[in-house]
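Visitor: Quick one, entry.json (JSON, C-alpha atoms):
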[["chain", "number", "residue", "atom", "x", "y", "z"],
["S", 204, "MET", "CA", -3.56, 74.72, -127.08],
["S", 205, "THR", "CA", -1.05, 71.84, -127.38],
["S", 206, "SER", "CA", 2.29, 71.37, -129.14],
["S", 207, "VAL", "CA", 3.62, 68.34, -131.03],
["S", 208, "GLU", "CA", 6.80, 67.62, -132.94],
["S", 209, "ASN", "CA", 5.50, 66.26, -136.24],
["S", 210, "GLY", "CA", 5.06, 69.56, -138.07],
["S", 211, "LEU", "CA", 1.67, 70.40, -136.60],
["S", 212, "THR", "CA", 3.15, 72.63, -133.94],
["S", 213, "MET", "CA", -0.09, 73.68, -132.26],
["S", 214, "GLU", "CA", -3.75, 72.99, -131.87],
["S", 215, "ILE", "CA", -6.20, 75.81, -131.27],
["S", 216, "THR", "CA", -9.73, 75.25, -130.07],
["S", 217, "TYR", "CA", -11.94, 77.86, -131.74],
["S", 218, "THR", "CA", -14.81, 78.97, -129.54],
["S", 219, "GLY", "CA", -18.14, 78.53, -131.27],
["S", 220, "MET", "CA", -16.71, 76.48, -134.13],
["S", 221, "ASN", "CA", -17.20, 73.03, -132.58],
["S", 222, "GLN", "CA", -13.91, 71.82, -134.00],
["S", 223, "VAL", "CA", -10.21, 71.80, -133.33],
["S", 224, "ALA", "CA", -8.15, 73.63, -135.93],
["S", 225, "THR", "CA", -4.53, 72.66, -136.52],
["S", 226, "ASP", "CA", -1.73, 74.52, -138.27],
["S", 227, "ALA", "CA", -2.65, 72.59, -141.40],
["S", 228, "ASN", "CA", -6.06, 74.25, -141.71],
["S", 229, "VAL", "CA", -5.97, 77.53, -139.75],
["S", 230, "LEU", "CA", -4.78, 79.46, -142.78],
["S", 231, "ASP", "CA", -7.25, 77.63, -145.00],
["S", 232, "GLN", "CA", -10.05, 78.81, -142.73],
["S", 233, "ILE", "CA", -8.79, 82.37, -142.77],
["S", 234, "ARG", "CA", -8.37, 82.21, -146.54],
["S", 235, "GLY", "CA", -12.01, 81.22, -146.71],
["S", 236, "GLY", "CA", -13.04, 84.29, -144.70],
["S", 237, "ASN", "CA", -13.51, 82.67, -141.29],
["S", 238, "ILE", "CA", -13.32, 85.72, -139.00],
["S", 239, "ILE", "CA", -13.56, 83.56, -135.87],
["S", 240, "ALA", "CA", -10.39, 81.70, -136.83],
["S", 241, "PHE", "CA", -8.66, 84.98, -137.58],
["S", 242, "ASN", "CA", -9.69, 86.56, -134.27],
["S", 243, "GLN", "CA", -8.47, 83.52, -132.35],
["S", 244, "LEU", "CA", -5.12, 83.68, -134.11],
["S", 245, "TYR", "CA", -4.94, 87.40, -133.34],
["S", 246, "ARG", "CA", -5.67, 86.88, -129.64],
["S", 247, "LEU", "CA", -3.21, 84.01, -129.42],
["S", 248, "TYR", "CA", -0.22, 85.79, -130.95],
["S", 249, "TYR", "CA", -0.76, 89.56, -130.64],
["S", 250, "ALA", "CA", 0.84, 89.98, -127.18],
["S", 251, "PRO", "CA", 3.80, 87.60, -127.77],
["S", 252, "LEU", "CA", 4.50, 89.30, -131.11],
["S", 253, "CYS", "CA", 4.53, 92.72, -129.42],
["S", 254, "VAL", "CA", 7.11, 91.40, -126.96],
["S", 255, "PHE", "CA", 9.14, 89.95, -129.84],
["S", 256, "ALA", "CA", 9.01, 93.28, -131.71],
["S", 257, "GLY", "CA", 10.62, 94.85, -128.64],
["S", 258, "ARG", "CA", 13.91, 93.26, -129.69],
["S", 259, "PHE", "CA", 13.98, 95.71, -132.59],
["S", 260, "ILE", "CA", 11.75, 98.67, -131.66],
["S", 261, "PRO", "CA", 11.89, 100.34, -128.22],
["S", 262, "ASP", "CA", 8.70, 102.39, -128.64],
["S", 263, "ALA", "CA", 5.70, 100.45, -127.28],
["S", 264, "GLU", "CA", 3.07, 102.14, -129.46],
["S", 265, "MET", "CA", 5.15, 101.64, -132.59],
["S", 266, "ARG", "CA", 5.48, 97.94, -131.72],
["S", 267, "LYS", "CA", 1.71, 97.60, -131.31],
["S", 268, "ASP", "CA", 1.08, 99.35, -134.63],
["S", 269, "CYS", "CA", 3.61, 97.11, -136.34],
["S", 270, "VAL", "CA", 1.98, 93.89, -135.11],
["S", 271, "HIS", "CA", -1.52, 95.16, -135.82],
["S", 272, "ASP", "CA", -0.50, 96.04, -139.39],
["S", 273, "ILE", "CA", 0.80, 92.51, -139.95],
["S", 274, "PHE", "CA", -2.55, 91.03, -138.93],
["S", 275, "ALA", "CA", -4.42, 93.60, -141.02],
["S", 276, "ARG", "CA", -2.38, 92.63, -144.08],
["S", 277, "LEU", "CA", -2.99, 88.95, -143.37],
["S", 278, "TRP", "CA", -6.73, 89.50, -143.34],
["S", 279, "ASP", "CA", -6.83, 91.92, -146.29],
["S", 280, "SER", "CA", -4.82, 89.57, -148.51],
["S", 281, "ARG", "CA", -6.37, 86.35, -147.15],
["S", 282, "GLN", "CA", -7.70, 85.16, -150.52],
["S", 283, "GLN", "CA", -4.20, 85.31, -152.04],
["S", 284, "LEU", "CA", -2.42, 83.59, -149.16],
["S", 285, "GLU", "CA", 0.42, 81.32, -150.27],
["S", 286, "ILE", "CA", 2.06, 80.30, -147.00],
["S", 287, "ASN", "CA", 3.80, 76.95, -146.64],
["S", 288, "ILE", "CA", 4.93, 77.35, -143.04],
["S", 289, "SER", "CA", 3.03, 77.43, -139.77],
["S", 290, "PRO", "CA", 1.01, 80.54, -138.88],
["S", 291, "LYS", "CA", 3.35, 81.12, -135.94],
["S", 292, "SER", "CA", 6.48, 81.03, -138.10],
["S", 293, "TYR", "CA", 4.85, 83.24, -140.71],
["S", 294, "LEU", "CA", 3.76, 85.86, -138.17],
["S", 295, "TYR", "CA", 7.12, 86.04, -136.39],
["S", 296, "LYS", "CA", 8.97, 86.33, -139.69],
["S", 297, "ALA", "CA", 6.57, 89.02, -140.95],
["S", 298, "VAL", "CA", 6.93, 91.03, -137.75],
["S", 299, "GLN", "CA", 10.71, 90.74, -137.87],
["S", 300, "ASN", "CA", 10.83, 92.01, -141.46],
["S", 301, "GLN", "CA", 8.44, 94.85, -140.69],
["S", 302, "CYS", "CA", 10.49, 95.88, -137.65],
["S", 303, "LEU", "CA", 13.72, 95.88, -139.65],
["S", 304, "ASN", "CA", 12.09, 98.06, -142.31],
["S", 305, "ILE", "CA", 10.92, 100.49, -139.63],
["S", 306, "VAL", "CA", 14.37, 100.63, -138.01],
["S", 307, "LYS", "CA", 15.99, 101.26, -141.39],
["S", 308, "ARG", "CA", 13.49, 103.98, -142.25],
["S", 309, "GLU", "CA", 13.89, 105.74, -138.89],
["S", 310, "LYS", "CA", 17.69, 105.69, -139.19],
["S", 311, "LEU", "CA", 17.49, 107.25, -142.64],
["S", 312, "LYS", "CA", 15.11, 109.91, -141.39],
["S", 313, "GLU", "CA", 17.51, 110.82, -138.62],
["S", 314, "THR", "CA", 20.40, 110.95, -141.09],
["S", 315, "TYR", "CA", 18.52, 113.39, -143.28],
["S", 316, "ARG", "CA", 17.46, 115.47, -140.30],
["S", 317, "GLN", "CA", 21.11, 115.79, -139.32],
["S", 318, "THR", "CA", 21.99, 116.68, -142.91],
["S", 319, "ILE", "CA", 19.50, 119.52, -142.81],
["S", 320, "LEU", "CA", 20.76, 120.75, -139.45],
["S", 321, "ASN", "CA", 24.38, 120.65, -140.61],
["S", 322, "LYS", "CA", 23.76, 122.16, -144.04],
["S", 323, "TYR", "CA", 21.37, 125.01, -143.29],
["S", 324, "ASP", "CA", 22.20, 127.96, -141.07],
["S", 325, "PRO", "CA", 19.36, 128.38, -138.53],
["S", 326, "PHE", "CA", 19.92, 132.15, -138.56],
["S", 327, "TYR", "CA", 18.66, 132.42, -142.14],
["S", 328, "GLU", "CA", 14.89, 132.16, -141.96],
["S", 329, "THR", "CA", 14.52, 131.85, -145.73],
["S", 330, "ASP", "CA", 16.39, 128.55, -145.56],
["S", 331, "LEU", "CA", 14.20, 127.05, -142.85],
["S", 332, "TYR", "CA", 10.85, 125.30, -142.92],
["S", 333, "SER", "CA", 9.06, 123.89, -139.95],
["S", 334, "MET", "CA", 8.24, 120.20, -139.98],
["S", 335, "LYS", "CA", 4.58, 121.16, -140.29],
["S", 336, "GLU", "CA", 5.31, 123.22, -143.39],
["S", 337, "LEU", "CA", 7.31, 120.40, -144.91],
["S", 338, "GLU", "CA", 4.55, 117.91, -144.20],
["S", 339, "GLU", "CA", 1.98, 120.19, -145.83],
["S", 340, "MET", "CA", 4.16, 120.65, -148.90],
["S", 341, "VAL", "CA", 4.62, 116.90, -149.19],
["S", 342, "GLN", "CA", 0.91, 116.18, -148.69],
["S", 343, "HIS", "CA", -0.03, 118.64, -151.43],
["S", 344, "ALA", "CA", 2.58, 117.19, -153.78],
["S", 345, "VAL", "CA", 1.37, 113.62, -153.18],
["S", 346, "ALA", "CA", -2.23, 114.72, -153.73],
["S", 347, "ARG", "CA", -1.23, 115.95, -157.20],
["S", 348, "LEU", "CA", 0.04, 112.53, -158.26],
["S", 349, "PRO", "CA", -2.08, 110.59, -160.79],
["S", 350, "GLU", "CA", -4.58, 108.46, -158.85],
["S", 351, "LYS", "CA", -3.14, 104.99, -159.54],
["S", 352, "ILE", "CA", 0.41, 106.16, -158.88],
["S", 353, "ARG", "CA", -0.65, 108.02, -155.76],
["S", 354, "ARG", "CA", -2.47, 104.98, -154.34],
["S", 355, "THR", "CA", 0.55, 102.74, -154.95],
["S", 356, "PHE", "CA", 2.93, 105.31, -153.47],
["S", 357, "GLU", "CA", 0.84, 105.79, -150.33],
["S", 358, "MET", "CA", 0.63, 102.05, -149.75],
["S", 359, "SER", "CA", 4.42, 101.82, -149.98],
["S", 360, "ARG", "CA", 5.51, 104.90, -148.05],
["S", 361, "PHE", "CA", 2.66, 105.44, -145.60],
["S", 362, "GLN", "CA", 1.38, 101.90, -144.96],
["S", 363, "HIS", "CA", 4.84, 100.36, -145.48],
["S", 364, "LEU", "CA", 3.52, 97.48, -147.58],
["S", 365, "SER", "CA", 5.90, 95.40, -149.63],
["S", 366, "TYR", "CA", 5.71, 95.61, -153.41],
["S", 367, "LYS", "CA", 4.28, 92.10, -153.47],
["S", 368, "ASP", "CA", 1.50, 93.04, -151.03],
["S", 369, "ILE", "CA", 0.68, 96.16, -153.04],
["S", 370, "ALA", "CA", 0.55, 94.14, -156.25],
["S", 371, "LEU", "CA", -1.86, 91.64, -154.65],
["S", 372, "ARG", "CA", -4.13, 94.37, -153.30],
["S", 373, "GLN", "CA", -4.33, 96.23, -156.60],
["S", 374, "ASN", "CA", -4.26, 93.19, -158.87],
["S", 375, "ILE", "CA", -1.23, 94.46, -160.75],
["S", 376, "SER", "CA", 2.29, 93.10, -161.29],
["S", 377, "VAL", "CA", 5.25, 93.84, -159.06],
["S", 378, "LYS", "CA", 6.91, 95.48, -162.07],
["S", 379, "THR", "CA", 3.97, 97.87, -162.35],
["S", 380, "VAL", "CA", 4.31, 98.71, -158.67],
["S", 381, "GLU", "CA", 8.00, 99.47, -159.17],
["S", 382, "SER", "CA", 7.15, 101.68, -162.14],
["S", 383, "HIS", "CA", 4.52, 103.60, -160.14],
["S", 384, "ILE", "CA", 6.96, 104.23, -157.27],
["S", 385, "SER", "CA", 9.70, 105.38, -159.64],
["S", 386, "LYS", "CA", 7.35, 107.79, -161.44],
["S", 387, "ALA", "CA", 6.06, 109.12, -158.12],
["S", 388, "LEU", "CA", 9.58, 109.86, -156.86],
["S", 389, "VAL", "CA", 10.51, 111.65, -160.09],
["S", 390, "PHE", "CA", 7.33, 113.74, -159.89],
["S", 391, "LEU", "CA", 7.87, 114.61, -156.22],
["S", 392, "ALA", "CA", 11.52, 115.49, -156.74],
["S", 393, "GLU", "CA", 10.46, 117.95, -159.43],
["S", 394, "ASP", "CA", 7.46, 119.29, -157.54],
["S", 395, "LEU", "CA", 9.40, 119.84, -154.31],
["S", 396, "LYS", "CA", 12.61, 121.21, -155.76],
["S", 397, "GLY", "CA", 11.88, 124.65, -154.33],
["S", 398, "ALA", "CA", 12.08, 123.26, -150.80],
["S", 399, "PHE", "CA", 15.03, 121.50, -149.23],
["S", 400, "PRO", "CA", 16.69, 119.11, -151.67],
["S", 401, "VAL", "CA", 16.10, 116.26, -149.25],
["S", 402, "CYS", "CA", 12.66, 117.15, -147.91],
["S", 403, "PHE", "CA", 10.76, 114.42, -149.73],
["S", 404, "LEU", "CA", 13.41, 111.89, -148.78],
["S", 405, "LEU", "CA", 12.90, 112.84, -145.15],
["S", 406, "PHE", "CA", 9.34, 111.56, -145.30],
["S", 407, "PHE", "CA", 9.40, 108.85, -147.95],
["S", 408, "MET", "CA", 12.69, 106.99, -148.08],
["S", 409, "LYS", "CA", 12.61, 103.51, -146.53]]
Would you mind writing the structure in this file as structure tokens?
Guide:
Amino acid sequence: MTSVENGLTMEITYTGMNQVATDANVLDQIRGGNIIAFNQLYRLYYAPLCVFAGRFIPDAEMRKDCVHDIFARLWDSRQQLEINISPKSYLYKAVQNQCLNIVKREKLKETYRQTILNKYDPFYETDLYSMKELEEMVQHAVARLPEKIRRTFEMSRFQHLSYKDIALRQNISVKTVESHISKALVFLAEDLKGAFPVCFLLFFMK
């Protein structure tokens, strides 16, 4: 691998490809389904990106999952790639955004946990649910969502995909994604109203 200053910031020799791929064509190769090019890119940047993610996320396993998810999205949406920067810049920016989303989500979860602890008296068993019970209630409620809405909701809240990524995967508009998420939240709020007022927010808010 070499670096230059004229916009082609790296060269990667792909084993078995008998050619040198530059920044200008790495993404083109991946877009065309070249798994060798993708694997080389993964091996080149996975470890550095995990270190970079450590600036935002202290948990090592969470960092690894974050970086792996970015590469998985890159491969899954390869045919719709519209990237006008280098692969390196794209990957670092994607990891940074994903990390910030995770940090924001975890802070909100902790806020709602504290709300529950402060609002509900632990001596009244009728007011308490275990986390397992809450998770089961949420899982059952999500399972009752209409299929298309459920699939969109799970991609957003469980896989943490952006609305644009969800739209690309499902071949729908971003507006449709927004509508599905809104309808899902209304349904869940109604379905879970017998539990804690914030229980679905505890698991789903970003």
Visitor: To one decimal in Å, tell me the separation between atom CA of Leu391 of chain S and atom CA of Ala344 of chain S.
Guide: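 That distance, rounded to one decimal, is 6.4 Å.
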Visitor: Within 10 Å of segment 292-314 of chain S, which residues of segment 358-395 of chain S come that close, and what is the closest atom pair and distance in Å for each? Count all atoms listed in the file and give it as CSV.
Guide:
residue,atom,partner,partner_atom,distance
S:Arg360,CA,S:Arg308,CA,9.9
S:His363,CA,S:Gln301,CA,8.1
S:Leu364,CA,S:Gln301,CA,8.9
S:Ser365,CA,S:Gln301,CA,9.3
Visitor: What lies within 12 Å of Met358 of chain S using all atoms listed in the file, ignoring chain neighbours under 3 positions off, as a ChimeraX atom specification?
Guide: /S:276,351-355,361-373,380,383-384,407
Visitor: For Asn374 of chain S, which residue out of S:His271, S:Leu230, S:Pro349, S:Ser280 is the nearest one, using all atoms listed in the file?
Guide: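 For Asn374 of chain S, the nearest of the given residues is S:Ser280.
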Visitor: Nearest to Tyr248 of chain S: which of S:Arg234, S:Ile273, S:Lys335, S:Ser385 is it, counting all atoms listed in the file?
Guide: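 Closest candidate: S:Ile273.
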Visitor: Counting all atoms listed in the file, which of S:Glu393, S:Arg347, S:Phe356, S:Gly236 gets nearest to Leu277 of chain S?
Guide: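 Going through S:Glu393, S:Arg347, S:Phe356, S:Gly236 one by one, the smallest distance to Leu277 of chain S is for S:Gly236.
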Visitor: Point out the residue among S:Asp262, S:Asp279, S:Glu336, S:Glu381 with the least atom-to-atom distance to Gly235 of chain S, counting only C-alpha atoms.
Guide: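 Among the listed residues, the smallest separation from Gly235 of chain S belongs to S:Asp279.
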Visitor: Compare S:Ala387, S:Val254, S:Val377, S:Val270 by their minimum atom-to-atom distance to Glu350 of chain S, counting all atoms listed in the file, and give me the closest one.
Guide: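 Among the listed residues, S:Ala387 lies closest to Glu350 of chain S.
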Visitor: For atom CA of Phe390 of chain S and atom CA of Cys269 of chain S, determine how far apart the two atoms are, in Å to one decimal place.
Guide: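 Taking atom CA of Phe390 of chain S and atom CA of Cys269 of chain S, their separation equals 29.1 Å.
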Visitor: One decimal, Å: what's the distance from atom CA of Glu357 of chain S over to atom CA of Glu264 of chain S, could you say?
Guide: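 Separation of atom CA of Glu357 of chain S and atom CA of Glu264 of chain S: 21.3 Å.
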Visitor: Extending 6 Å beyond the listed atoms of segment 363-368 of chain S on each side, what axis-aligned box results? I want centre and edge lengths in Å to one decimal, as AutoDock Vina command-line options.
Guide:
--center_x 3.7 --center_y 96.2 --center_z -149.5 --size_x 16.4 --size_y 20.3 --size_z 20.0
